[in-house]
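So this one's my_file-v3.txt, compact mmCIF, C-alpha atoms:
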```txt
# COMPACT_ATOMS: atom_id res chain seq x y z
CA GLU K 80 0.00 0.00 0.00
CA PHE K 81 2.86 2.38 0.78
CA ALA K 82 4.48 1.54 -2.54
CA GLU K 83 1.26 2.18 -4.44
CA THR K 84 0.74 5.49 -2.64
CA LEU K 85 4.27 6.62 -3.48
CA ASN K 86 3.95 5.53 -7.11
CA SER K 87 0.68 7.43 -7.49
CA GLU K 88 2.59 10.58 -6.51
CA ILE K 89 5.86 10.16 -8.40
CA LEU K 90 4.72 8.48 -11.65
CA ASN K 91 3.01 10.26 -14.52
CA LYS K 92 -0.30 8.97 -15.87
CA ARG K 93 1.32 6.81 -18.54
CA GLN K 94 3.81 5.25 -16.12
CA LEU K 95 1.12 4.71 -13.50
CA LYS K 96 -1.12 2.95 -16.02
CA LYS K 97 1.76 0.69 -17.03
CA TYR K 98 2.56 -0.05 -13.39
CA ALA K 99 -1.07 -0.94 -12.63
CA LYS K 100 -1.17 -3.29 -15.63
CA GLU K 101 2.06 -5.01 -14.54
CA GLN K 102 0.70 -5.47 -11.02
CA LYS K 103 -2.53 -6.98 -12.38
CA ILE K 104 -0.60 -9.52 -14.48
CA LYS K 105 1.60 -10.33 -11.51
CA LEU K 106 -1.42 -10.95 -9.28
CA LYS K 107 -2.94 -13.32 -11.84
CA LYS K 108 0.27 -15.34 -12.01
CA THR K 109 0.79 -15.54 -8.26
CA ALA K 110 -2.86 -16.43 -7.63
CA LYS K 111 -2.17 -19.79 -9.28
CA LEU K 112 0.78 -20.55 -7.00
CA VAL K 113 0.40 -22.61 -3.84
CA LYS K 114 1.63 -20.28 -1.12
CA LYS K 115 2.68 -21.05 2.41
CA ARG K 116 1.03 -19.02 5.13
CA VAL K 117 3.18 -16.97 7.49
CA PHE K 118 1.61 -15.99 10.81
CA VAL K 119 3.29 -13.07 12.58
CA LEU K 120 3.09 -12.72 16.37
CA ASN K 121 4.47 -9.92 18.55
CA PHE K 122 5.83 -10.27 22.09
CA GLN K 123 6.81 -7.17 24.07
CA GLY K 124 8.24 -8.48 27.32
CA ASP K 125 8.20 -6.79 30.72
CA ILE K 126 9.61 -8.09 34.00
CA LYS K 127 6.50 -10.22 34.66
CA ALA K 128 6.13 -11.35 31.02
CA THR K 129 2.49 -10.21 31.12
CA ALA K 130 2.31 -10.58 27.32
CA VAL K 131 2.28 -14.36 27.86
CA ASN K 132 -1.46 -14.15 28.57
CA ASN K 133 -2.11 -13.04 24.98
CA LEU K 134 0.59 -15.29 23.55
CA ARG K 135 -1.03 -18.46 24.90
CA GLU K 136 -4.37 -17.50 23.29
CA GLU K 137 -2.71 -16.69 19.97
CA ILE K 138 -0.82 -19.99 19.90
CA THR K 139 -3.92 -21.96 20.92
CA ALA K 140 -5.66 -20.50 17.87
CA LEU K 141 -2.71 -21.02 15.52
CA ILE K 142 -2.19 -24.69 16.26
CA GLN K 143 -5.79 -25.26 15.13
CA VAL K 144 -5.12 -23.89 11.63
CA ALA K 145 -1.36 -23.83 10.93
CA THR K 146 0.39 -26.81 9.34
CA PRO K 147 4.05 -27.91 9.03
CA GLN K 148 3.99 -26.28 5.57
CA ASP K 149 3.26 -22.89 7.16
CA GLU K 150 5.49 -20.72 9.33
CA VAL K 151 5.16 -18.65 12.50
CA VAL K 152 7.32 -15.55 12.89
CA LEU K 153 7.66 -14.20 16.43
CA ARG K 154 8.87 -10.60 16.71
CA LEU K 155 10.40 -10.74 20.18
CA GLU K 156 11.60 -7.86 22.35
CA SER K 157 12.46 -8.59 25.98
CA GLY K 158 15.18 -7.90 28.50
CA GLY K 159 13.96 -10.80 30.65
CA GLY K 160 12.37 -10.93 34.09
CA MET K 161 10.77 -13.44 36.45
CA VAL K 162 11.60 -17.11 35.94
CA ALA K 163 8.13 -18.69 36.06
CA PRO K 164 6.36 -16.36 33.57
CA TYR K 165 9.20 -16.56 31.03
CA GLY K 166 9.36 -20.32 31.48
CA LEU K 167 5.65 -20.41 30.65
CA ALA K 168 6.21 -18.22 27.58
CA ALA K 169 8.92 -20.59 26.33
CA SER K 170 6.58 -23.53 26.93
CA GLN K 171 3.91 -21.83 24.83
CA LEU K 172 6.35 -21.57 21.92
CA GLN K 173 7.27 -25.23 22.42
CA ARG K 174 3.64 -26.08 21.60
CA LEU K 175 4.29 -24.90 18.03
CA LYS K 176 7.40 -27.08 17.72
CA ASP K 177 5.50 -30.06 19.11
CA LYS K 178 3.08 -29.64 16.19
CA ARG K 179 6.08 -29.39 13.81
CA ILE K 180 5.09 -25.85 12.81
CA PRO K 181 8.29 -23.95 11.87
CA LEU K 182 9.03 -21.10 14.28
CA ILE K 183 11.25 -18.17 13.30
CA VAL K 184 12.19 -15.75 16.08
CA THR K 185 13.25 -12.24 15.06
CA ILE K 186 14.97 -9.81 17.43
CA ASP K 187 15.31 -6.16 16.49
CA LYS K 188 16.35 -4.69 19.85
CA ILE K 189 16.90 -7.14 22.69
CA ALA K 190 16.38 -10.76 23.77
CA ALA K 191 18.23 -11.20 27.02
CA SER K 192 17.88 -13.60 29.96
CA GLY K 193 14.23 -14.77 29.92
CA GLY K 194 13.90 -13.20 26.49
CA TYR K 195 16.65 -15.44 25.15
CA LEU K 196 15.08 -18.40 26.96
CA MET K 197 12.09 -17.83 24.67
CA ALA K 198 14.16 -17.14 21.56
CA CYS K 199 16.15 -20.37 21.73
CA VAL K 200 12.96 -22.40 21.18
CA GLY K 201 12.82 -21.11 17.60
CA ASN K 202 13.94 -23.25 14.68
CA LYS K 203 15.88 -20.19 13.59
CA ILE K 204 16.86 -16.94 15.33
CA LEU K 205 17.25 -13.79 13.25
CA ALA K 206 18.57 -10.57 14.77
CA ALA K 207 19.35 -6.99 13.79
CA PRO K 208 23.15 -6.44 13.93
CA PHE K 209 23.04 -4.24 17.05
CA ALA K 210 20.38 -6.15 18.98
CA ILE K 211 21.41 -7.24 22.48
CA ILE K 212 21.59 -11.01 22.92
CA GLY K 213 22.40 -13.34 25.83
CA SER K 214 22.58 -12.57 29.56
CA ILE K 215 22.23 -16.29 30.32
CA GLY K 216 22.34 -16.02 34.07
CA VAL K 217 20.15 -15.63 37.16
CA VAL K 218 20.04 -12.78 39.66
CA ALA K 219 18.30 -12.07 42.97
CA GLN K 220 18.62 -8.84 44.90
CA LEU K 221 16.80 -7.14 47.76
CA PRO K 222 17.51 -4.40 50.29
CA ASN K 223 17.85 -5.22 53.99
CA PHE K 224 16.71 -2.80 56.70
CA HIS K 225 17.73 -4.89 59.72
CA ARG K 226 20.49 -2.54 60.96
CA PHE K 227 18.27 0.50 60.39
CA LEU K 228 15.52 -1.03 62.55
CA LYS K 229 17.99 -2.21 65.19
CA LYS K 230 19.39 1.32 65.65
CA ARG K 231 15.86 2.52 66.37
CA ASP K 232 15.08 -0.35 68.74
CA ILE K 233 12.42 -1.73 66.40
CA ASP K 234 11.90 -5.48 66.56
CA PHE K 235 10.89 -7.51 63.53
CA GLU K 236 9.17 -10.84 64.14
CA LEU K 237 9.05 -13.54 61.47
CA LEU K 238 7.40 -16.87 62.26
CA THR K 239 7.65 -19.79 59.84
CA ALA K 240 6.94 -23.50 59.73
CA GLY K 241 9.52 -25.22 57.57
CA GLU K 242 13.28 -24.66 57.65
CA TYR K 243 13.42 -22.87 54.32
CA LYS K 244 9.99 -21.19 54.22
CA ARG K 245 11.93 -17.92 54.30
CA THR K 246 15.61 -17.47 53.51
CA LEU K 247 16.75 -13.89 52.81
CA THR K 248 14.36 -11.24 54.13
CA ILE K 249 14.02 -7.47 53.85
CA PHE K 250 13.63 -6.65 57.55
CA GLY K 251 15.09 -9.62 59.43
CA GLU K 252 18.74 -10.50 60.08
CA ASN K 253 20.05 -12.60 57.20
CA THR K 254 22.23 -15.53 58.15
CA ALA K 255 25.05 -17.25 56.28
CA LYS K 256 22.86 -20.35 56.03
CA ALA K 257 20.05 -18.34 54.42
CA ARG K 258 22.48 -16.84 51.90
CA GLU K 259 23.86 -20.27 51.08
CA LYS K 260 20.37 -21.67 50.48
CA THR K 261 19.44 -18.75 48.22
CA GLN K 262 22.69 -19.16 46.27
CA ASP K 263 21.97 -22.89 45.85
CA ASP K 264 18.50 -22.04 44.49
CA LEU K 265 20.01 -19.59 41.98
CA GLU K 266 22.57 -22.16 40.86
CA GLU K 267 19.82 -24.75 40.33
CA ILE K 268 17.76 -22.34 38.20
CA HIS K 269 20.89 -21.45 36.21
CA HIS K 270 21.57 -25.15 35.64
CA LEU K 271 18.04 -25.64 34.27
CA PHE K 272 18.40 -22.49 32.14
CA LYS K 273 21.62 -23.81 30.58
CA ALA K 274 20.16 -27.27 30.03
CA PHE K 275 17.13 -25.79 28.25
CA ILE K 276 19.29 -23.72 25.90
CA GLN K 277 21.60 -26.64 25.19
CA ALA K 278 18.64 -28.87 24.36
CA ASN K 279 17.29 -26.33 21.87
CA ARG K 280 20.59 -25.05 20.41
CA LYS K 281 23.07 -27.90 20.39
CA GLN K 282 25.52 -25.81 18.32
CA VAL K 283 26.12 -23.46 21.28
CA ASP K 284 29.13 -23.88 23.59
CA ILE K 285 27.08 -23.42 26.76
CA ALA K 286 30.12 -23.04 29.04
CA GLU K 287 31.29 -20.09 26.95
CA VAL K 288 27.98 -18.22 26.74
CA ALA K 289 26.28 -18.97 30.09
CA THR K 290 28.31 -16.46 32.11
CA GLY K 291 25.60 -13.81 32.37
CA ALA K 292 27.35 -11.70 29.71
CA HIS K 293 25.51 -10.25 26.72
CA TRP K 294 26.63 -9.45 23.18
CA LEU K 295 25.59 -7.44 20.18
CA ALA K 296 24.04 -9.74 17.60
CA LYS K 297 26.96 -9.32 15.19
CA ASP K 298 29.17 -10.90 17.87
CA ALA K 299 26.50 -13.35 19.06
CA LEU K 300 26.43 -14.78 15.52
CA ALA K 301 29.98 -16.12 15.96
CA LEU K 302 28.86 -17.78 19.22
CA ASN K 303 25.91 -19.47 17.46
CA LEU K 304 23.43 -17.63 19.68
CA VAL K 305 21.72 -16.34 16.52
CA ASP K 306 21.60 -17.74 12.98
CA GLU K 307 21.43 -14.69 10.74
CA LEU K 308 21.77 -10.91 10.88
CA ILE K 309 18.63 -9.35 9.43
CA THR K 310 15.83 -7.15 10.75
CA SER K 311 12.28 -8.44 11.03
CA ASP K 312 11.23 -5.83 8.45
CA ASP K 313 13.70 -7.11 5.87
CA TYR K 314 12.81 -10.75 6.52
CA LEU K 315 9.08 -10.16 6.12
CA SER K 316 9.66 -7.95 3.08
CA LEU K 317 11.64 -10.74 1.43
CA LEU K 318 8.80 -13.18 2.08
CA ALA K 319 6.26 -10.74 0.68
CA SER K 320 8.29 -9.91 -2.43
CA SER K 321 8.93 -13.57 -3.20
CA ASP K 322 5.20 -14.07 -3.95
CA LYS K 323 5.48 -17.48 -2.28
CA ALA K 324 3.90 -16.53 1.03
CA GLU K 325 0.73 -15.03 2.39
CA ILE K 326 1.48 -13.04 5.56
CA TYR K 327 -0.99 -12.62 8.42
CA GLU K 328 -0.35 -10.63 11.59
CA CYS K 329 -2.22 -12.22 14.49
CA GLN K 330 -3.13 -10.51 17.74
CA TYR K 331 -5.42 -11.50 20.60
CA LEU K 332 -7.36 -8.48 21.83
CA THR K 333 -9.59 -8.05 24.85
CA LYS K 334 -11.74 -5.12 25.87
CA LYS K 335 -10.20 -3.06 28.67
CA SER K 336 -12.24 -2.03 31.67
CA VAL K 337 -12.63 1.67 32.49
CA THR K 338 -10.11 1.28 35.35
CA GLU K 339 -7.54 -0.35 33.04
CA LYS K 340 -7.99 2.39 30.44
CA LEU K 341 -7.52 5.13 33.06
CA SER K 342 -4.46 3.37 34.49
CA SER K 343 -2.97 2.99 31.01
CA ASN K 344 -3.57 6.68 30.24
CA VAL K 345 -1.97 7.76 33.52
CA GLN K 346 1.09 5.57 32.92
CA SER K 347 1.42 6.95 29.39
CA ALA K 348 1.19 10.53 30.67
CA LEU K 349 3.82 9.86 33.36
CA SER K 350 6.16 8.26 30.82
CA LYS K 351 5.85 11.30 28.53
CA LEU K 352 6.47 13.62 31.49
CA MET K 353 9.62 11.72 32.50
CA TRP K 354 10.84 11.78 28.90
CA PHE K 355 10.21 15.54 28.71
CA LYS K 356 12.13 16.16 31.96
CA THR K 357 15.05 13.99 30.83
CA SER K 358 15.17 15.72 27.43
CA ALA K 359 15.03 19.13 29.09
CA ARG K 360 18.02 18.28 31.31
CA THR K 361 19.94 16.94 28.33
```
Could I get this file's structure written as structure tokens?
Amino acid sequence: EFAETLNSEILNKRQLKKYAKEQKIKLKKTAKLVKKRVFVLNFQGDIKATAVNNLREEITALIQVATPQDEVVLRLESGGGMVAPYGLAASQLQRLKDKRIPLIVTIDKIAASGGYLMACVGNKILAAPFAIIGSIGVVAQLPNFHRFLKKRDIDFELLTAGEYKRTLTIFGENTAKAREKTQDDLEEIHHLFKAFIQANRKQVDIAEVATGAHWLAKDALALNLVDELITSDDYLSLLASSDKAEIYECQYLTKKSVTEKLSSNVQSALSKLMWFKTSART
């Protein structure tokens, strides 16, 4: 549509008529071809991977209609976040692979930590040259106000049943044993993270990449973390121009309540205000 709009402005009547005729002939030829269907999904990740709620609905619908001759393209952007939600998101993508539906993951900006956990499920990972890739590690951090409370003679009581019901706390005194248990938990999650990546990308040297470091995609390519340097726009444009694919963008939408709309508007206004203040200082 953009191309047609531009041509209508820059071509004279004779050229435009010729162009329209060529397009008509092209459409007739391609209509006879058997095309594969490409279904495009979008995932914008936050720390809680809230987009997984829509992703599971979209994939549930797709596996009813898509076949191994089709293709799903996931445009993924995420810096990672909580383990359980991103684990669920990766499991949703696995549903496509279980049905033998090809999955192509494209990364234009970032797929780190939980984001890369999702990306590695893809049959192929495509990334823009300066996208951030990796951060295969696990982190836990929290402030501790125990000394602050102690100076003010404020007691903090924590009652539990079960030796490890609570380990590190915000207000209580953290012990060496609690730190050790928390570190063991992190190591176990990291072990599972590495095993999952290795199972999905056997070409990766997991010992080399699972340090928590991240790379630009042009460097991640040499580490086999991605398969090709290309933007999602270029990849989809190539599919469209080949006349061998029909492309559908799929999105699960729900009606927002009045409260959700107001909250969204307030957050948007605050974001714009913060951007304005930052720009003004700059």
| note | Counting all atoms listed in the file, closest pick from K:Pro181, K:Gly166, K:Gly158, K:Gly251 relative to Pro222 (chain K) is K:Gly251
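Counting all atoms listed in the file, the residue from K:Thr246, K:Ala219, K:Leu141, K:Lys256 that sits nearest to Ile268 (chain K) is K:Ala219.
One distance worth recording is that between CA of Ile180 (chain K) and CA of Gln143 (chain K), which is 11.1 Å.
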| task | Quick one: everything within 10 Å of region 81-85 of chain K, counting all atoms listed in the file, minus sequence neighbours fewer than 5 positions away in the same chain. Send it as a ChimeraX atom specification. | result | /K:90,95,98-99
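Of the residues listed (K:Leu317, K:Ala274, K:Ala130, K:Leu120), K:Ala274 shows the shortest atom-to-atom separation from Leu196 (chain K); distances use only C-alpha atoms.
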| message | Just the number, please: distance in Å from CA of Pro208 (chain K) to CA of Leu295 (chain K), one decimal. | response | 6.8 Å
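In terms of minimum interatomic distance to Asp125 (chain K), K:Gly160 ranks closest within K:Pro147, K:Gly241, K:Gly216, K:Gly160, counting only C-alpha atoms.
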| field | Distance in Å - CA of Ile138 (chain K) versus CA of Arg174 (chain K) | value | 7.7 Å
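Distances here use only C-alpha atoms; by that measure, the residue among K:Ala296, K:Leu341, K:Met161, K:Leu167 closest to Asp187 (chain K) is K:Ala296.
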| Using only C-alpha atoms, which of K:Gln94, K:Arg226, K:Ala190, K:Leu106 sits nearest Asp322 (chain K)? | K:Leu106
Neighbour residues at most 8 Å from (27.5, -11.2, 27.8) (all atoms listed in the file) as a PDB file with C-alpha atoms, in the frame of the given file:
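After the write, result02.pdb holds the following:
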```
ATOM      1  CA  ILE K 212      21.590 -11.010  22.920  1.00  0.00           C
ATOM      2  CA  GLY K 213      22.400 -13.340  25.830  1.00  0.00           C
ATOM      3  CA  SER K 214      22.580 -12.570  29.560  1.00  0.00           C
ATOM      4  CA  ILE K 215      22.230 -16.290  30.320  1.00  0.00           C
ATOM      5  CA  VAL K 288      27.980 -18.220  26.740  1.00  0.00           C
ATOM      6  CA  THR K 290      28.310 -16.460  32.110  1.00  0.00           C
ATOM      7  CA  GLY K 291      25.600 -13.810  32.370  1.00  0.00           C
ATOM      8  CA  ALA K 292      27.350 -11.700  29.710  1.00  0.00           C
ATOM      9  CA  HIS K 293      25.510 -10.250  26.720  1.00  0.00           C
ATOM     10  CA  TRP K 294      26.630  -9.450  23.180  1.00  0.00           C
TER      11      TRP K 294
END
```
